[in-house]
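Undergrad: Have a look at this one before I ask anything.
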Amino acid sequence: MITVFVIMGVSGSGKTTVGLALAQKLGAPFYDGDDFHPPENVAKMASGIPLDDDDRYPWLVRLHDLIADHLARGETAVVACSALKKNYRDQLRQGNEGVYLVYLQGSLNLIWERMQARQAHFMKAEMLHSQFEALEPPSAHNTLIVSVEQGVDSIVNHILQSVSFP
C-alpha cells in the first residue's frame, strides 16, 4: 500500500523532527509544509500576524498537488503540515486515497516550553495561542493521534506499527 503520511499539529509539536525521522526510516522523501508557503505568508508570520483561510488556500493547493503527484507515481512520502482545521485536512485528502494523517498532540504548556527554546524559526512562540485557538483536533477514527510526550523513536515506531510498515 502506497501511503503519503501527513504529520500534523501546532507549531512546535515536532512535525519536522518526527517527519524527518519517519521519512528516513521509510527511505522516502520528506517535505516540510512551511517550505511551500508563498513569500507573503512567511513575511506575515515573521511579523507576528497569523494567517487566515485565504492565505492558507494556495499553500494547501500546493501541498495537495504534491501529495497527489506522489500517489500517482506510487511513491511513499512524508509531509509535515499543521493542517489545523478539518477543512484543511479535507482539502489535502480530496481525491488522494492513501493519505495517512498523524496528529502530534501536546499541551499548550509543553509546546510553549519547546518553542521558547527555538531561535531560528519564523513562527514566534507568541503565535502559539492563535494556533491552539484555530486547532480543530481530528477524531481518532480517521487519524492516528500520538502524544508528543514520547520520544521521537517511540512516535515513529508507533506510526509504523499502526500501518503495518516493517
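Following the order of the C-alpha cells, first chain is A, next is B, and so on, with residues numbered from 1 inside each chain and ligands from 1 in the order they appear.
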Show me, as a list in words, the residues that have an atom within 12 Å of stretch 68-73 of chain A when counting only C-alpha atoms, minus same-chain residues fewer than 4 positions from it.
TA: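 Using only C-alpha atoms, the neighbours found are Met1, Ile2, Thr3, Val4, Phe5, Ala28, Pro29, Phe30, Tyr31, Val61, Arg62, Leu63, His64, Ala77, Val78, Val79, Gln91, Leu92, Arg93, Gln94, Gly95, Asn96, Glu97, Gly98, Val99 and Tyr100 of chain A.
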Undergrad: Looking only at alpha helix (DSSP H) from DSSP on the backbone, list the matching residues of chain A as a ChimeraX atom specification.
TA: /A:15-26,39-46,53-72,86-93,108-116,128-134,152-162
Undergrad: How about saving the chosen residues, C-alpha atoms kept, as a short mmCIF file (atom, residue, chain, number, x, y, z; two decimals), in the first residue's frame?
TA:
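Saved to selection.cif:
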```cif
data_model
loop_
_atom_site.label_atom_id
_atom_site.label_comp_id
_atom_site.auth_asym_id
_atom_site.auth_seq_id
_atom_site.Cartn_x
_atom_site.Cartn_y
_atom_site.Cartn_z
CA LYS A 15 6.21 17.74 12.90
CA THR A 16 9.55 18.29 11.17
CA THR A 17 11.57 16.20 13.63
CA VAL A 18 9.13 13.28 13.53
CA GLY A 19 8.57 13.64 9.78
CA LEU A 20 12.29 13.55 9.02
CA ALA A 21 12.80 10.50 11.26
CA LEU A 22 9.85 8.69 9.69
CA ALA A 23 10.98 9.51 6.15
CA GLN A 24 14.49 8.28 6.92
CA LYS A 25 13.14 5.04 8.35
CA LEU A 26 10.96 4.54 5.24
CA PRO A 39 6.73 34.54 0.46
CA GLU A 40 3.81 36.77 1.52
CA ASN A 41 2.72 34.16 4.09
CA VAL A 42 6.23 33.80 5.51
CA ALA A 43 6.55 37.59 5.80
CA LYS A 44 3.17 37.80 7.52
CA MET A 45 4.08 35.09 10.05
CA ALA A 46 7.54 36.59 10.64
CA ASP A 53 -8.01 30.86 5.44
CA ASP A 54 -7.44 32.97 2.30
CA ASP A 55 -3.69 32.99 2.99
CA ARG A 56 -3.64 29.24 3.51
CA TYR A 57 -5.67 28.26 0.44
CA PRO A 58 -2.86 28.44 -2.20
CA TRP A 59 -0.49 26.76 0.25
CA LEU A 60 -2.88 23.86 0.76
CA VAL A 61 -3.40 23.54 -3.02
CA ARG A 62 0.37 23.18 -3.47
CA LEU A 63 0.56 20.52 -0.76
CA HIS A 64 -2.49 18.67 -2.13
CA ASP A 65 -0.84 18.56 -5.56
CA LEU A 66 2.45 17.35 -4.09
CA ILE A 67 0.62 14.52 -2.33
CA ALA A 68 -1.35 13.68 -5.48
CA ASP A 69 1.85 13.53 -7.55
CA HIS A 70 3.46 11.05 -5.16
CA LEU A 71 0.37 8.87 -5.01
CA ALA A 72 0.04 8.92 -8.82
CA LYS A 86 -10.87 19.91 9.42
CA ASN A 87 -11.46 21.65 6.10
CA TYR A 88 -7.67 21.92 5.58
CA ARG A 89 -7.29 18.19 6.16
CA ASP A 90 -10.26 17.51 3.88
CA GLN A 91 -8.62 19.63 1.19
CA LEU A 92 -5.37 17.67 1.46
CA ARG A 93 -7.25 14.35 1.28
CA LEU A 108 -0.05 24.24 25.35
CA ASN A 109 2.43 24.35 28.23
CA LEU A 110 4.70 21.61 26.88
CA ILE A 111 4.76 23.00 23.35
CA TRP A 112 5.23 26.57 24.65
CA GLU A 113 8.36 25.40 26.51
CA ARG A 114 9.70 23.81 23.33
CA MET A 115 9.04 26.94 21.29
CA GLN A 116 10.82 29.14 23.81
CA LEU A 128 1.14 29.54 19.52
CA HIS A 129 -2.05 30.67 21.24
CA SER A 130 -3.63 31.51 17.89
CA GLN A 131 -2.72 28.05 16.61
CA PHE A 132 -4.40 26.36 19.57
CA GLU A 133 -7.45 28.59 19.05
CA ALA A 134 -7.64 27.58 15.37
CA VAL A 152 10.81 10.61 18.52
CA ASP A 153 11.82 6.96 18.08
CA SER A 154 8.76 5.79 20.02
CA ILE A 155 6.48 8.01 17.95
CA VAL A 156 7.96 6.77 14.66
CA ASN A 157 7.69 3.13 15.74
CA HIS A 158 4.09 3.69 16.80
CA ILE A 159 3.27 5.19 13.38
CA LEU A 160 4.91 2.31 11.53
CA GLN A 161 3.13 -0.29 13.66
CA SER A 162 -0.22 1.40 13.11
#
```
Undergrad: A:Leu104, A:Asp52, A:Ser82, A:Val10: which is nearest A:Gly151, counting only C-alpha atoms?
TA: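 Counting only C-alpha atoms, the residue closest to A:Gly151 is A:Leu104.
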Undergrad: When you count only C-alpha atoms, which of these residues is closest to A:Leu101: A:Ser47, A:Gln150, A:Ser11, A:Ser139?
TA: A:Ser139
Undergrad: Using only C-alpha atoms, which of A:Gly74, A:Leu84, A:Met127, A:Leu51 sits nearest A:Ile7?
TA: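 Closest to A:Ile7 of all the choices is A:Leu84.
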Undergrad: Report the distance between atom CA of A:Thr76 and atom CA of A:Val102 in Å, rounded to one decimal place.
TA: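 Atom CA of A:Val102 lies 14.8 Å from atom CA of A:Thr76.
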Undergrad: Considering only C-alpha atoms, can you say which of A:Leu144, A:Pro137, A:Gly27, A:Val6 comes closest to A:Glu75?
TA: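 Comparing A:Leu144, A:Pro137, A:Gly27, A:Val6 against A:Glu75, the winner is A:Gly27.
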Undergrad: Please give the complete set of residues from stretch 3-166 of chain A that DSSP, run on the backbone, assigns to strand (DSSP E), formatted as an MDAnalysis selection string.
TA: chainID A and resid 4:8 30:32 77:80 99:105 144:147
Undergrad: Just checking: using only C-alpha atoms, which residue out of A:Tyr103, A:Val163, A:Ala83, A:Ile49 ends up closest to A:Val148?
TA: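 Ranked by minimum distance to A:Val148, first place goes to A:Tyr103.
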